[in-house]
Amino acid sequence: MMTDYIGMIFLLLTGLVAIYVGILLIKEYLNEKHIYHLYWGISFIVLFVAGVLIILFDWPILGAPLVPFASTLIPLGLALGLLYAVYEDKPYGNWFLIYGVIGLVLILLAGFNVANLGSLGYIFIMLVHIPCGLIIVVLPAYTAIKGETEGAAWFFSIGGLLISIGGMLLAFLKAGSPILSANQIFAILAPLLLLVGAFFTLGIAKVSKWKVSIPPIS
């Protein structure tokens with residue numbers, strides 16, 4: 001199993017990547033006003049905050065009631081950004097935003113066991129993470145296959161696959177009988193978060209349709 005020191009290195013690298021790319025995305029949104037850059041920027045900044053919290057408070061912080069809510073912002077922001085970037089002239093992004101907000105509210109209520117919804121938290125998380133994961137994995141690949149984007153869009157799809165795995169691992173922590181132990185999940189999540197940040201960074205920086213200049217890779 002990975003040592004704490006190695007895990008911290010992965011988390012530090014993840015945080016550096018996430019805050020750097022997040023700031024560039026927010027800056028690009030302020031300059032160009034493309035809403036998808038804002039959503040992606042939020043996702044990267046939440047990823048940065050998640051890494052910092054784990055470093056400061058260790059992995060048990062993932063059991064806090066707000067964590068499922070906050071962690072869902074990452075795939076939701078990435079999925080919304082893709083819908084707005086690919087279908088700028090269609091309302092798909094608006095529709096999914098409504099769905100995502102409803103899902104976030106339910107996850108938050110379950111996290112604090114409001115109206116005895118705590119036992120349904122796992123289901124609410126999956127109801128948001130699964131469609132987000134499908135959008136992030138399928139949509140970039142579809143645009144690449146159709147020739148609407150460069151092959152680098154596959155990086156985005158790979159990132160989507162990895163973040164879907166991460167979301168399921170977090171959901172397992174809330175499950176009554178998880179298929180992996182908490183220590184096994186924590187050992188997987190640290191390097192997984194770094195890979196997620198790296199692949200999404202490549203998927204954003206290398207695709208001209210929604211490209212943001214991210215030195216030194218673009």
# chains A, B, ... in the order shown; residues from 1 in each chain; ligands from 1
$ select_by_dssp --residues "stretch 26-199 of chain A" --states "helix (DSSP H, G or I)" --output "ChimeraX atom specification"
/A:26-32,35-57,59-63,67-86,92-111,114-116,118-145,153-174,182-199
$ residues_around --residues "A:Leu97" --least-positions-apart "6" --cutoff "10 Å" --atoms "only C-alpha atoms" --output "PDB file with N, CA and C atoms, in the first residue's frame"
ATOM      1  N   LEU A  76     -19.838  17.466 -12.189  1.00  0.00           N
ATOM      2  CA  LEU A  76     -20.967  18.253 -12.694  1.00  0.00           C
ATOM      3  C   LEU A  76     -20.483  19.466 -13.477  1.00  0.00           C
ATOM      4  N   GLY A  77     -19.484  20.162 -12.959  1.00  0.00           N
ATOM      5  CA  GLY A  77     -18.934  21.311 -13.674  1.00  0.00           C
ATOM      6  C   GLY A  77     -18.301  20.925 -14.994  1.00  0.00           C
ATOM      7  N   ALA A  79     -19.056  18.248 -16.838  1.00  0.00           N
ATOM      8  CA  ALA A  79     -20.113  17.824 -17.764  1.00  0.00           C
ATOM      9  C   ALA A  79     -20.882  19.024 -18.314  1.00  0.00           C
ATOM     10  N   LEU A  80     -21.232  19.962 -17.441  1.00  0.00           N
ATOM     11  CA  LEU A  80     -21.939  21.159 -17.889  1.00  0.00           C
ATOM     12  C   LEU A  80     -21.094  21.946 -18.889  1.00  0.00           C
ATOM     13  N   LEU A  83     -21.250  20.311 -22.292  1.00  0.00           N
ATOM     14  CA  LEU A  83     -22.533  20.512 -22.973  1.00  0.00           C
ATOM     15  C   LEU A  83     -22.626  21.919 -23.554  1.00  0.00           C
ATOM     16  N   PRO A  91     -30.257  24.079 -25.782  1.00  0.00           N
ATOM     17  CA  PRO A  91     -30.497  24.247 -24.336  1.00  0.00           C
ATOM     18  C   PRO A  91     -30.060  23.070 -23.473  1.00  0.00           C
ATOM     19  N   GLY A 103     -30.045  17.448  -7.982  1.00  0.00           N
ATOM     20  CA  GLY A 103     -29.226  16.382  -7.423  1.00  0.00           C
ATOM     21  C   GLY A 103     -28.343  16.869  -6.289  1.00  0.00           C
TER      22      GLY A 103
END
$ residues_around --residues "A:Leu189" --least-positions-apart "5" --cutoff "12 Å" --atoms "only C-alpha atoms" --output "number ranges by chain"
A: 2, 7-8, 10-11, 14, 50-51, 54, 59, 62, 162-170, 182-184, 194-196
$ closest_atom_pairs --of "stretch 5-108 of chain A" --to "stretch 146-160 of chain A" --cutoff "10 Å" --atoms "only C-alpha atoms" --output "tab-separated table"
residue	atom	partner	partner_atom	distance
A:Pro75	CA	A:Gly160	CA	7.9
A:Leu78	CA	A:Gly160	CA	8.6
A:Ala79	CA	A:Gly160	CA	8.9
A:Leu82	CA	A:Phe156	CA	9.6
A:Val86	CA	A:Glu148	CA	9.1
$ atom_distance --atom1 "atom CA of A:Val49" --atom2 "atom CA of A:Glu28"
20.4 Å
$ atom_distance --atom1 "atom CA of A:Leu108" --atom2 "atom CA of A:Gly121"
8.4 Å
$ atom_distance --atom1 "atom CA of A:Val46" --atom2 "atom CA of A:Asn31"
21.3 Å
$ closest_residue --among "A:Ile35, A:Leu12, A:Ile185, A:Ala85" --to "A:Pro60" --atoms "only C-alpha atoms"
A:Ile185
$ residues_around --residues "A:Phe69" --least-positions-apart "4" --cutoff "8 Å" --atoms "only C-alpha atoms" --output "ChimeraX atom specification"
/A:65,73,104,107-108,111
$ closest_residue --among "A:Phe124, A:Tyr87, A:Tyr29, A:Trp40" --to "A:Val105" --atoms "only C-alpha atoms"
A:Phe124
$ closest_residue --among "A:Ile214, A:Leu106, A:Ile55, A:Leu25" --to "A:Ser119" --atoms "only C-alpha atoms"
A:Leu106
$ decode --residues "stretch 38-58 of chain A" --atoms "N, CA, C and O atoms" --output "tab-separated table (two decimals), in the first residue's frame"
chain	number	residue	atom	x	y	z
A	38	LEU	N	-15.94	28.86	-17.24
A	38	LEU	CA	-16.28	29.11	-15.85
A	38	LEU	C	-16.56	27.80	-15.12
A	38	LEU	O	-16.04	27.56	-14.03
A	39	TYR	N	-17.40	26.94	-15.72
A	39	TYR	CA	-17.73	25.67	-15.08
A	39	TYR	C	-16.50	24.80	-14.91
A	39	TYR	O	-16.31	24.16	-13.87
A	40	TRP	N	-15.65	24.75	-15.92
A	40	TRP	CA	-14.42	23.96	-15.79
A	40	TRP	C	-13.50	24.54	-14.73
A	40	TRP	O	-12.85	23.82	-13.98
A	41	GLY	N	-13.43	25.88	-14.67
A	41	GLY	CA	-12.60	26.53	-13.66
A	41	GLY	C	-13.06	26.18	-12.26
A	41	GLY	O	-12.25	25.92	-11.37
A	42	ILE	N	-14.38	26.18	-12.04
A	42	ILE	CA	-14.93	25.81	-10.74
A	42	ILE	C	-14.54	24.37	-10.39
A	42	ILE	O	-14.15	24.08	-9.25
A	43	SER	N	-14.64	23.47	-11.36
A	43	SER	CA	-14.28	22.07	-11.12
A	43	SER	C	-12.83	21.93	-10.67
A	43	SER	O	-12.53	21.21	-9.71
A	44	PHE	N	-11.93	22.64	-11.34
A	44	PHE	CA	-10.51	22.53	-10.99
A	44	PHE	C	-10.24	23.15	-9.62
A	44	PHE	O	-9.42	22.63	-8.85
A	45	ILE	N	-10.90	24.25	-9.30
A	45	ILE	CA	-10.69	24.88	-8.01
A	45	ILE	C	-11.22	23.99	-6.88
A	45	ILE	O	-10.59	23.87	-5.82
A	46	VAL	N	-12.36	23.34	-7.10
A	46	VAL	CA	-12.87	22.40	-6.09
A	46	VAL	C	-11.91	21.23	-5.92
A	46	VAL	O	-11.68	20.75	-4.81
A	47	LEU	N	-11.33	20.77	-7.02
A	47	LEU	CA	-10.33	19.70	-6.95
A	47	LEU	C	-9.14	20.14	-6.11
A	47	LEU	O	-8.62	19.38	-5.28
A	48	PHE	N	-8.71	21.38	-6.29
A	48	PHE	CA	-7.61	21.94	-5.49
A	48	PHE	C	-7.98	21.97	-4.01
A	48	PHE	O	-7.20	21.54	-3.15
A	49	VAL	N	-9.18	22.48	-3.70
A	49	VAL	CA	-9.63	22.57	-2.31
A	49	VAL	C	-9.70	21.18	-1.68
A	49	VAL	O	-9.30	20.98	-0.52
A	50	ALA	N	-10.19	20.19	-2.46
A	50	ALA	CA	-10.28	18.83	-1.95
A	50	ALA	C	-8.90	18.30	-1.55
A	50	ALA	O	-8.73	17.69	-0.48
A	51	GLY	N	-7.91	18.53	-2.41
A	51	GLY	CA	-6.56	18.07	-2.10
A	51	GLY	C	-5.99	18.73	-0.86
A	51	GLY	O	-5.36	18.08	-0.02
A	52	VAL	N	-6.24	20.05	-0.72
A	52	VAL	CA	-5.74	20.78	0.45
A	52	VAL	C	-6.38	20.26	1.73
A	52	VAL	O	-5.70	20.06	2.75
A	53	LEU	N	-7.70	20.02	1.69
A	53	LEU	CA	-8.40	19.54	2.88
A	53	LEU	C	-7.89	18.16	3.31
A	53	LEU	O	-7.74	17.88	4.50
A	54	ILE	N	-7.62	17.29	2.32
A	54	ILE	CA	-7.12	15.96	2.66
A	54	ILE	C	-5.73	16.06	3.28
A	54	ILE	O	-5.41	15.35	4.25
A	55	ILE	N	-4.89	16.96	2.73
A	55	ILE	CA	-3.55	17.14	3.29
A	55	ILE	C	-3.62	17.65	4.73
A	55	ILE	O	-2.90	17.19	5.61
A	56	LEU	N	-4.53	18.60	4.98
A	56	LEU	CA	-4.63	19.21	6.30
A	56	LEU	C	-5.30	18.31	7.33
A	56	LEU	O	-4.89	18.28	8.50
A	57	PHE	N	-6.33	17.58	6.90
A	57	PHE	CA	-7.15	16.84	7.86
A	57	PHE	C	-7.13	15.33	7.65
A	57	PHE	O	-7.85	14.60	8.35
A	58	ASP	N	-6.35	14.88	6.67
A	58	ASP	CA	-6.21	13.46	6.37
A	58	ASP	C	-7.49	12.91	5.73
A	58	ASP	O	-8.51	13.57	5.64
